[in-house]
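Below is one structure, written out as structure tokens; comments come after it.
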Amino acid sequence: MHTGDVGFTVEVHDRAPPLDPSWEDAVEVSFRPASADSALVQWAGEASWPLGLGETDYRVRYCAEGMDRAGEKDTRLEGEPQLDRYLLQFRPAPPERDRVLRQTSRSAAYWHDYARKLPPPPTPAERAEAERRARLARETAERERLLAFERHRWGGRMPSAALRDVRGDVSGLRDFDPAFLHALDAAGPAVQRAVARFAAHRACEAAGFTALDWVADALTALDEGRPLPPPFDDDARMWHALASDPGFPDRTVGRAVPPERPPFRPSPSSLGALSPQEAVTVRTACSSPSARRTRPRASRSRTWLCPP
């Protein structure tokens, strides 16, 4: 039926039980739980009942009575007599082919005919190969995403090994003007040293340090290619000199703010990292009559094969 409660019983047996003649339709399939949490779940999740199944191979017998009667009535309201009932029986058994044990109703005949026309399911080896390809595709997609993000950070091109090895403040300059940074990397050591000297002068001028004689002497030594004089030959002494010099400028230099850049947007993928064949399989499954539940309409115990 489409809407309403049905009779439903689940049993777990040690061996195959006899098939009661009162059941109009019955089938058997093999099943192995993917976890220890198998449960019977009501449609839309209103309620659920744990089945207590182990992670082993089972043979499952599914019996039905009254499917045609319930389908014709369509809806069972509260207080109306029960129209259909079902029995699900589990027993430990090695995998074997699906079997139709009894077929009486029109509903069962329709779905058996539909199932017989389906292509055979993949073998365990085919499933393993599909999983391997999917895993490789995910790993490849992740590597490509990381490379794309790295190119984005560096202005659309990958840095040279020399530029990457600089570390430190290179990331600050990269955020301001990655194109200039790549050009500076290609310019060679002489130009790079000239730019470094220019930057040192501009930083000291902005901070007001050029008014300090010992700082001016250090900048002159830098321009002339001589070793830096004391206290610049020792970081601790340099910071102490700055803190103790009465001429130290009383000013604050704000942190430079890089220009706005478009955020990184990875390329979207419509079906994740699936192979073309796997993508076709997913689309086919989600468009099949059984996935859409077109005929007959499902009871409240329905199970969605694809996202609704």
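Here's how to read the names in the structure tokens: chain A, B, ... by the order shown, residue numbers from 1 in each chain, ligand numbers from 1 in the order shown.
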Find the residues near segment 189-205 of chain A: any atom within 10 Å, counting only C-alpha atoms, skip ones fewer than 6 places away on the same chain, and give them as a PDB file with C-alpha atoms, in the first residue's frame.
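Output (out35.pdb):
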ATOM      1  CA  ALA A 211      68.140  59.779  12.602  1.00  0.00           C
ATOM      2  CA  LEU A 212      70.184  57.422  14.811  1.00  0.00           C
ATOM      3  CA  VAL A 215      71.716  52.908  12.400  1.00  0.00           C
ATOM      4  CA  ALA A 216      72.892  55.242   9.610  1.00  0.00           C
ATOM      5  CA  LEU A 219      73.045  51.276   6.359  1.00  0.00           C
ATOM      6  CA  THR A 220      76.236  52.763   4.884  1.00  0.00           C
ATOM      7  CA  LEU A 222      75.287  47.622   3.929  1.00  0.00           C
ATOM      8  CA  ASP A 223      75.520  49.811   0.796  1.00  0.00           C
ATOM      9  CA  VAL A 253      54.349  52.019  12.211  1.00  0.00           C
TER      10      VAL A 253
END
Residue neighbourhood segment 31-40 of chain A, 7 Å, only C-alpha atoms, exclusion window fewer than 4 positions, as a PyMOL selection string = chain A and resi 48-60
Selected residues, all heavy atoms, written as a compact mmCIF listing (two decimals), in the first residue's frame, please.
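Result file result37.txt:
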# COMPACT_ATOMS: atom_id res chain seq x y z
N SER A 48 12.65 2.41 14.98
CA SER A 48 13.57 1.37 14.47
C SER A 48 13.71 0.28 15.52
O SER A 48 13.49 0.51 16.71
CB SER A 48 14.94 1.98 14.14
OG SER A 48 15.57 2.47 15.32
N TRP A 49 14.09 -0.90 15.03
CA TRP A 49 14.22 -2.06 15.89
C TRP A 49 15.54 -2.77 15.57
O TRP A 49 15.71 -3.28 14.44
CB TRP A 49 13.05 -3.03 15.68
CG TRP A 49 11.72 -2.43 16.03
CD1 TRP A 49 11.06 -2.53 17.21
CD2 TRP A 49 10.89 -1.65 15.17
NE1 TRP A 49 9.86 -1.86 17.15
CE2 TRP A 49 9.73 -1.30 15.91
CE3 TRP A 49 11.00 -1.20 13.85
CZ2 TRP A 49 8.70 -0.53 15.37
CZ3 TRP A 49 9.98 -0.42 13.32
CH2 TRP A 49 8.85 -0.10 14.08
N PRO A 50 16.50 -2.84 16.49
CA PRO A 50 17.76 -3.55 16.22
C PRO A 50 17.51 -5.03 16.01
O PRO A 50 16.66 -5.64 16.67
CB PRO A 50 18.59 -3.29 17.48
CG PRO A 50 17.60 -2.97 18.55
CD PRO A 50 16.46 -2.28 17.86
N LEU A 51 18.26 -5.63 15.06
CA LEU A 51 18.04 -7.03 14.71
C LEU A 51 19.04 -7.97 15.38
O LEU A 51 18.84 -9.18 15.36
CB LEU A 51 18.11 -7.21 13.19
CG LEU A 51 17.07 -6.40 12.40
CD1 LEU A 51 17.22 -6.67 10.91
CD2 LEU A 51 15.67 -6.72 12.87
N GLY A 52 20.12 -7.45 15.91
CA GLY A 52 21.08 -8.30 16.60
C GLY A 52 21.81 -9.26 15.68
O GLY A 52 22.19 -10.36 16.12
N LEU A 53 22.02 -8.90 14.44
CA LEU A 53 22.70 -9.78 13.48
C LEU A 53 24.21 -9.64 13.61
O LEU A 53 24.73 -8.55 13.84
CB LEU A 53 22.29 -9.43 12.05
CG LEU A 53 20.80 -9.57 11.71
CD1 LEU A 53 20.56 -9.12 10.28
CD2 LEU A 53 20.33 -11.00 11.93
N GLY A 54 24.92 -10.75 13.44
CA GLY A 54 26.37 -10.72 13.42
C GLY A 54 26.88 -10.35 12.04
O GLY A 54 26.15 -10.38 11.05
N GLU A 55 28.15 -10.01 11.95
CA GLU A 55 28.77 -9.67 10.67
C GLU A 55 29.22 -10.95 9.98
O GLU A 55 30.41 -11.26 9.91
CB GLU A 55 29.92 -8.69 10.88
CG GLU A 55 29.48 -7.35 11.44
CD GLU A 55 30.63 -6.39 11.64
OE1 GLU A 55 31.35 -6.10 10.67
OE2 GLU A 55 30.83 -5.94 12.78
N THR A 56 28.23 -11.70 9.49
CA THR A 56 28.49 -12.98 8.83
C THR A 56 27.50 -13.14 7.68
O THR A 56 26.61 -12.30 7.47
CB THR A 56 28.35 -14.14 9.83
OG1 THR A 56 28.77 -15.35 9.21
CG2 THR A 56 26.92 -14.28 10.32
N ASP A 57 27.64 -14.23 6.92
CA ASP A 57 26.74 -14.47 5.78
C ASP A 57 25.42 -15.06 6.26
O ASP A 57 25.40 -16.00 7.07
CB ASP A 57 27.41 -15.42 4.78
CG ASP A 57 28.60 -14.77 4.09
OD1 ASP A 57 28.48 -13.60 3.70
OD2 ASP A 57 29.64 -15.43 3.95
N TYR A 58 24.32 -14.52 5.73
CA TYR A 58 22.98 -15.00 6.04
C TYR A 58 22.23 -15.34 4.75
O TYR A 58 22.49 -14.78 3.69
CB TYR A 58 22.17 -13.94 6.79
CG TYR A 58 22.59 -13.70 8.21
CD1 TYR A 58 23.54 -12.72 8.51
CD2 TYR A 58 22.06 -14.44 9.26
CE1 TYR A 58 23.93 -12.47 9.82
CE2 TYR A 58 22.43 -14.21 10.57
CZ TYR A 58 23.37 -13.22 10.84
OH TYR A 58 23.75 -13.00 12.13
N ARG A 59 21.30 -16.25 4.89
CA ARG A 59 20.29 -16.46 3.86
C ARG A 59 19.03 -15.81 4.40
O ARG A 59 18.64 -16.02 5.57
CB ARG A 59 20.05 -17.96 3.61
CG ARG A 59 19.23 -18.26 2.38
CD ARG A 59 19.95 -17.87 1.11
NE ARG A 59 19.18 -18.27 -0.08
CZ ARG A 59 19.48 -17.87 -1.30
NH1 ARG A 59 20.51 -17.04 -1.49
NH2 ARG A 59 18.76 -18.26 -2.34
N VAL A 60 18.36 -14.99 3.57
CA VAL A 60 17.20 -14.23 4.02
C VAL A 60 15.98 -14.65 3.21
O VAL A 60 16.00 -14.61 1.98
CB VAL A 60 17.43 -12.71 3.87
CG1 VAL A 60 16.28 -11.95 4.53
CG2 VAL A 60 18.75 -12.30 4.47
Write down as JSON, numbers by chain the residues belonging to segment 47-128 of chain A that are assigned helix (DSSP H, G or I) by DSSP computed on the backbone.
-> {"A": [67, 68, 69, 70, 71, 72, 73, 106, 107, 108, 109, 110, 111, 112, 113, 114, 115, 116, 124, 125, 126, 127, 128]}
Keeping N, CA, C and O atoms for every residue in the selection just given, could you write it to a file as a PDB file, in the first residue's frame?
ATOM      1  N   MET A  67      -0.428  -8.521  -0.794  1.00  0.00           N
ATOM      2  CA  MET A  67       0.143  -7.352  -1.478  1.00  0.00           C
ATOM      3  C   MET A  67      -0.835  -6.752  -2.489  1.00  0.00           C
ATOM      4  O   MET A  67      -0.978  -5.527  -2.576  1.00  0.00           O
ATOM      5  N   ASP A  68      -1.505  -7.596  -3.275  1.00  0.00           N
ATOM      6  CA  ASP A  68      -2.456  -7.060  -4.253  1.00  0.00           C
ATOM      7  C   ASP A  68      -3.620  -6.362  -3.561  1.00  0.00           C
ATOM      8  O   ASP A  68      -4.054  -5.269  -3.967  1.00  0.00           O
ATOM      9  N   ARG A  69      -4.140  -6.967  -2.520  1.00  0.00           N
ATOM     10  CA  ARG A  69      -5.265  -6.382  -1.781  1.00  0.00           C
ATOM     11  C   ARG A  69      -4.878  -5.020  -1.196  1.00  0.00           C
ATOM     12  O   ARG A  69      -5.642  -4.046  -1.293  1.00  0.00           O
ATOM     13  N   ALA A  70      -3.677  -4.933  -0.634  1.00  0.00           N
ATOM     14  CA  ALA A  70      -3.230  -3.672  -0.050  1.00  0.00           C
ATOM     15  C   ALA A  70      -2.975  -2.623  -1.134  1.00  0.00           C
ATOM     16  O   ALA A  70      -3.272  -1.433  -0.951  1.00  0.00           O
ATOM     17  N   GLY A  71      -2.407  -3.058  -2.294  1.00  0.00           N
ATOM     18  CA  GLY A  71      -2.161  -2.104  -3.363  1.00  0.00           C
ATOM     19  C   GLY A  71      -3.433  -1.513  -3.922  1.00  0.00           C
ATOM     20  O   GLY A  71      -3.494  -0.327  -4.268  1.00  0.00           O
ATOM     21  N   GLU A  72      -4.483  -2.308  -4.020  1.00  0.00           N
ATOM     22  CA  GLU A  72      -5.765  -1.814  -4.521  1.00  0.00           C
ATOM     23  C   GLU A  72      -6.406  -0.843  -3.538  1.00  0.00           C
ATOM     24  O   GLU A  72      -7.021   0.153  -3.935  1.00  0.00           O
ATOM     25  N   LYS A  73      -6.298  -1.123  -2.252  1.00  0.00           N
ATOM     26  CA  LYS A  73      -6.861  -0.221  -1.234  1.00  0.00           C
ATOM     27  C   LYS A  73      -6.055   1.065  -1.117  1.00  0.00           C
ATOM     28  O   LYS A  73      -6.602   2.126  -0.808  1.00  0.00           O
ATOM     29  N   ARG A 106       0.027 -10.359  -8.301  1.00  0.00           N
ATOM     30  CA  ARG A 106       0.417  -9.580  -9.477  1.00  0.00           C
ATOM     31  C   ARG A 106       1.598  -8.660  -9.154  1.00  0.00           C
ATOM     32  O   ARG A 106       2.459  -8.429 -10.001  1.00  0.00           O
ATOM     33  N   SER A 107       1.613  -8.143  -7.934  1.00  0.00           N
ATOM     34  CA  SER A 107       2.722  -7.261  -7.531  1.00  0.00           C
ATOM     35  C   SER A 107       4.050  -8.006  -7.601  1.00  0.00           C
ATOM     36  O   SER A 107       5.043  -7.494  -8.147  1.00  0.00           O
ATOM     37  N   ALA A 108       4.093  -9.227  -7.054  1.00  0.00           N
ATOM     38  CA  ALA A 108       5.325 -10.001  -7.085  1.00  0.00           C
ATOM     39  C   ALA A 108       5.721 -10.337  -8.517  1.00  0.00           C
ATOM     40  O   ALA A 108       6.902 -10.259  -8.885  1.00  0.00           O
ATOM     41  N   ALA A 109       4.728 -10.691  -9.362  1.00  0.00           N
ATOM     42  CA  ALA A 109       5.037 -11.031 -10.746  1.00  0.00           C
ATOM     43  C   ALA A 109       5.652  -9.846 -11.476  1.00  0.00           C
ATOM     44  O   ALA A 109       6.606 -10.002 -12.251  1.00  0.00           O
ATOM     45  N   TYR A 110       5.108  -8.648 -11.227  1.00  0.00           N
ATOM     46  CA  TYR A 110       5.654  -7.447 -11.888  1.00  0.00           C
ATOM     47  C   TYR A 110       7.103  -7.229 -11.505  1.00  0.00           C
ATOM     48  O   TYR A 110       7.956  -7.022 -12.369  1.00  0.00           O
ATOM     49  N   TRP A 111       7.405  -7.280 -10.211  1.00  0.00           N
ATOM     50  CA  TRP A 111       8.771  -6.966  -9.765  1.00  0.00           C
ATOM     51  C   TRP A 111       9.750  -8.089 -10.096  1.00  0.00           C
ATOM     52  O   TRP A 111      10.925  -7.840 -10.372  1.00  0.00           O
ATOM     53  N   HIS A 112       9.302  -9.337 -10.099  1.00  0.00           N
ATOM     54  CA  HIS A 112      10.190 -10.419 -10.523  1.00  0.00           C
ATOM     55  C   HIS A 112      10.566 -10.256 -11.999  1.00  0.00           C
ATOM     56  O   HIS A 112      11.726 -10.467 -12.389  1.00  0.00           O
ATOM     57  N   ASP A 113       9.595  -9.870 -12.826  1.00  0.00           N
ATOM     58  CA  ASP A 113       9.884  -9.672 -14.244  1.00  0.00           C
ATOM     59  C   ASP A 113      10.873  -8.518 -14.422  1.00  0.00           C
ATOM     60  O   ASP A 113      11.793  -8.598 -15.246  1.00  0.00           O
ATOM     61  N   TYR A 114      10.676  -7.456 -13.655  1.00  0.00           N
ATOM     62  CA  TYR A 114      11.603  -6.321 -13.731  1.00  0.00           C
ATOM     63  C   TYR A 114      13.011  -6.743 -13.307  1.00  0.00           C
ATOM     64  O   TYR A 114      14.008  -6.406 -13.973  1.00  0.00           O
ATOM     65  N   ALA A 115      13.105  -7.508 -12.231  1.00  0.00           N
ATOM     66  CA  ALA A 115      14.418  -7.914 -11.724  1.00  0.00           C
ATOM     67  C   ALA A 115      15.143  -8.825 -12.710  1.00  0.00           C
ATOM     68  O   ALA A 115      16.373  -8.741 -12.858  1.00  0.00           O
ATOM     69  N   ARG A 116      14.407  -9.699 -13.384  1.00  0.00           N
ATOM     70  CA  ARG A 116      15.042 -10.628 -14.329  1.00  0.00           C
ATOM     71  C   ARG A 116      15.653  -9.895 -15.527  1.00  0.00           C
ATOM     72  O   ARG A 116      16.571 -10.406 -16.170  1.00  0.00           O
ATOM     73  N   PRO A 124      32.568  -9.835  -6.887  1.00  0.00           N
ATOM     74  CA  PRO A 124      33.447  -9.245  -5.856  1.00  0.00           C
ATOM     75  C   PRO A 124      34.714  -8.639  -6.448  1.00  0.00           C
ATOM     76  O   PRO A 124      35.172  -7.582  -5.996  1.00  0.00           O
ATOM     77  N   ALA A 125      35.297  -9.279  -7.470  1.00  0.00           N
ATOM     78  CA  ALA A 125      36.505  -8.726  -8.089  1.00  0.00           C
ATOM     79  C   ALA A 125      36.203  -7.405  -8.786  1.00  0.00           C
ATOM     80  O   ALA A 125      36.998  -6.460  -8.722  1.00  0.00           O
ATOM     81  N   GLU A 126      35.040  -7.328  -9.461  1.00  0.00           N
ATOM     82  CA  GLU A 126      34.663  -6.077 -10.133  1.00  0.00           C
ATOM     83  C   GLU A 126      34.394  -4.978  -9.120  1.00  0.00           C
ATOM     84  O   GLU A 126      34.754  -3.810  -9.346  1.00  0.00           O
ATOM     85  N   ARG A 127      33.765  -5.327  -7.999  1.00  0.00           N
ATOM     86  CA  ARG A 127      33.528  -4.316  -6.965  1.00  0.00           C
ATOM     87  C   ARG A 127      34.839  -3.822  -6.375  1.00  0.00           C
ATOM     88  O   ARG A 127      35.017  -2.620  -6.145  1.00  0.00           O
ATOM     89  N   ALA A 128      35.780  -4.740  -6.129  1.00  0.00           N
ATOM     90  CA  ALA A 128      37.081  -4.344  -5.589  1.00  0.00           C
ATOM     91  C   ALA A 128      37.824  -3.429  -6.559  1.00  0.00           C
ATOM     92  O   ALA A 128      38.443  -2.444  -6.147  1.00  0.00           O
TER      93      ALA A 128
END
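Among the candidates A:Pro246, A:Pro178, A:Pro21, A:Pro81, the residue lying nearest to Gln103 of chain A is A:Pro21 (atoms considered: only C-alpha atoms).
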Which of segment 16-246 of chain A DSSP labels strand (DSSP E), written as an MDAnalysis selection string = chainID A and resid 25:31 39:41 48:50 58:65 85:92 99:102
Quick one: contact table of segment 131-187 of chain A to segment 260-266 of chain A, 10 Å max, nearest atom pair and distance in Å to one decimal per residue, counting only C-alpha atoms, chain and number order, as CSV?
residue,atom,partner,partner_atom,distance
A:Glu144,CA,A:Pro266,CA,9.4
A:Arg145,CA,A:Pro266,CA,6.4
A:Leu146,CA,A:Pro266,CA,9.2
A:Ala148,CA,A:Pro266,CA,7.3
A:Phe149,CA,A:Phe264,CA,6.6
A:Glu150,CA,A:Phe264,CA,9.7
A:Arg151,CA,A:Phe264,CA,9.8
A:His152,CA,A:Phe264,CA,6.6
A:Arg153,CA,A:Phe264,CA,8.3
A:Gly155,CA,A:Arg261,CA,9.6
A:Asp175,CA,A:Arg261,CA,8.6
A:Phe176,CA,A:Glu260,CA,9.0
Please produce a file of those selected residues containing all heavy atoms, as a short mmCIF file (atom, residue, chain, number, x, y, z; two decimals), in the first residue's frame.
data_model
loop_
_atom_site.label_atom_id
_atom_site.label_comp_id
_atom_site.auth_asym_id
_atom_site.auth_seq_id
_atom_site.Cartn_x
_atom_site.Cartn_y
_atom_site.Cartn_z
N GLU A 144 45.39 17.26 -7.05
CA GLU A 144 45.14 18.36 -7.97
C GLU A 144 44.58 19.57 -7.23
O GLU A 144 44.90 20.72 -7.57
CB GLU A 144 44.19 17.91 -9.07
CG GLU A 144 44.81 16.89 -10.02
CD GLU A 144 43.82 16.39 -11.05
OE1 GLU A 144 42.61 16.72 -10.91
OE2 GLU A 144 44.24 15.69 -11.98
N ARG A 145 43.74 19.33 -6.23
CA ARG A 145 43.20 20.46 -5.46
C ARG A 145 44.31 21.18 -4.71
O ARG A 145 44.35 22.42 -4.67
CB ARG A 145 42.15 19.95 -4.47
CG ARG A 145 41.38 21.07 -3.76
CD ARG A 145 40.58 20.53 -2.60
NE ARG A 145 41.45 20.06 -1.53
CZ ARG A 145 42.01 20.87 -0.62
NH1 ARG A 145 41.79 22.17 -0.66
NH2 ARG A 145 42.77 20.38 0.32
N LEU A 146 45.23 20.41 -4.09
CA LEU A 146 46.33 21.03 -3.36
C LEU A 146 47.25 21.81 -4.29
O LEU A 146 47.72 22.91 -3.96
CB LEU A 146 47.12 19.96 -2.61
CG LEU A 146 46.39 19.28 -1.45
CD1 LEU A 146 47.24 18.15 -0.86
CD2 LEU A 146 46.02 20.28 -0.37
N ALA A 148 46.34 23.16 -7.15
CA ALA A 148 45.60 24.36 -7.57
C ALA A 148 45.62 25.42 -6.48
O ALA A 148 45.76 26.62 -6.77
CB ALA A 148 44.15 23.98 -7.91
N PHE A 149 45.51 25.00 -5.22
CA PHE A 149 45.57 25.96 -4.12
C PHE A 149 46.95 26.60 -4.03
O PHE A 149 47.09 27.80 -3.80
CB PHE A 149 45.24 25.26 -2.80
CG PHE A 149 45.35 26.16 -1.59
CD1 PHE A 149 44.51 27.24 -1.44
CD2 PHE A 149 46.33 25.93 -0.62
CE1 PHE A 149 44.61 28.07 -0.33
CE2 PHE A 149 46.44 26.76 0.47
CZ PHE A 149 45.58 27.83 0.62
N GLU A 150 48.00 25.79 -4.25
CA GLU A 150 49.36 26.33 -4.21
C GLU A 150 49.57 27.34 -5.34
O GLU A 150 50.16 28.40 -5.13
CB GLU A 150 50.37 25.17 -4.31
CG GLU A 150 51.80 25.56 -4.01
CD GLU A 150 52.06 25.77 -2.54
OE1 GLU A 150 51.10 25.72 -1.73
OE2 GLU A 150 53.21 26.00 -2.18
N ARG A 151 49.09 27.02 -6.54
CA ARG A 151 49.20 27.97 -7.64
C ARG A 151 48.45 29.26 -7.34
O ARG A 151 48.91 30.36 -7.66
CB ARG A 151 48.66 27.33 -8.93
CG ARG A 151 49.61 26.35 -9.59
CD ARG A 151 49.15 26.00 -10.99
NE ARG A 151 47.90 25.26 -10.97
CZ ARG A 151 47.81 23.94 -10.92
NH1 ARG A 151 48.92 23.20 -10.88
NH2 ARG A 151 46.64 23.34 -10.91
N HIS A 152 47.27 29.12 -6.71
CA HIS A 152 46.50 30.31 -6.35
C HIS A 152 47.28 31.19 -5.38
O HIS A 152 47.32 32.42 -5.54
CB HIS A 152 45.16 29.88 -5.73
CG HIS A 152 44.38 31.01 -5.14
ND1 HIS A 152 43.64 31.88 -5.90
CD2 HIS A 152 44.24 31.41 -3.83
CE1 HIS A 152 43.07 32.77 -5.10
NE2 HIS A 152 43.41 32.51 -3.85
N ARG A 153 47.90 30.59 -4.37
CA ARG A 153 48.66 31.37 -3.39
C ARG A 153 49.82 32.12 -4.03
O ARG A 153 50.17 33.21 -3.61
CB ARG A 153 49.20 30.44 -2.30
CG ARG A 153 48.15 29.81 -1.42
CD ARG A 153 48.79 28.86 -0.43
NE ARG A 153 49.64 29.54 0.52
CZ ARG A 153 50.68 28.99 1.14
NH1 ARG A 153 51.01 27.75 0.86
NH2 ARG A 153 51.40 29.68 1.99
N GLY A 155 49.99 33.32 -7.06
CA GLY A 155 49.60 34.18 -8.16
C GLY A 155 49.36 33.48 -9.47
O GLY A 155 49.50 34.10 -10.53
N ASP A 175 51.90 37.81 -0.68
CA ASP A 175 50.52 38.25 -0.50
C ASP A 175 50.27 39.62 -1.11
O ASP A 175 49.15 39.95 -1.46
CB ASP A 175 50.17 38.28 0.99
CG ASP A 175 50.17 36.89 1.61
OD1 ASP A 175 50.04 35.90 0.85
OD2 ASP A 175 50.31 36.79 2.85
N PHE A 176 51.33 40.45 -1.22
CA PHE A 176 51.18 41.79 -1.80
C PHE A 176 51.24 41.76 -3.33
O PHE A 176 50.43 42.37 -4.00
CB PHE A 176 52.27 42.72 -1.26
CG PHE A 176 51.92 43.31 0.07
CD1 PHE A 176 52.25 42.64 1.23
CD2 PHE A 176 51.24 44.52 0.17
CE1 PHE A 176 51.90 43.17 2.46
CE2 PHE A 176 50.90 45.05 1.39
CZ PHE A 176 51.23 44.37 2.55
#
Find the distance between atom CA of Val27 of chain A and atom CA of Cys63 of chain A and write it in Å to one decimal.
->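 Computed distance, atom CA of Val27 of chain A to atom CA of Cys63 of chain A, equals 6.7 Å.
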Pick from A:Ala64, A:Ala16, A:Ala241, A:Met1, whichever lies nearest to Arg76 of chain A using only C-alpha atoms |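 Among the listed residues, A:Met1 lies closest to Arg76 of chain A.
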Can you pull out every residue within 9 Å of Asp185 of chain A, counting only C-alpha atoms, but drop anything in the same chain fewer than 6 positions away, and send it as a VMD selection string?
-> chain A and resid 159 to 160 162 to 163 192
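Distance-wise, atom CA of Val29 of chain A and atom CA of Lys117 of chain A end up 17.1 Å apart.
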Grab the atom CA of Asp213 of chain A to atom CA of Gly168 of chain A distance for me, in Å with one decimal place.
->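 Pair atom CA of Asp213 of chain A / atom CA of Gly168 of chain A returns 28.7 Å.
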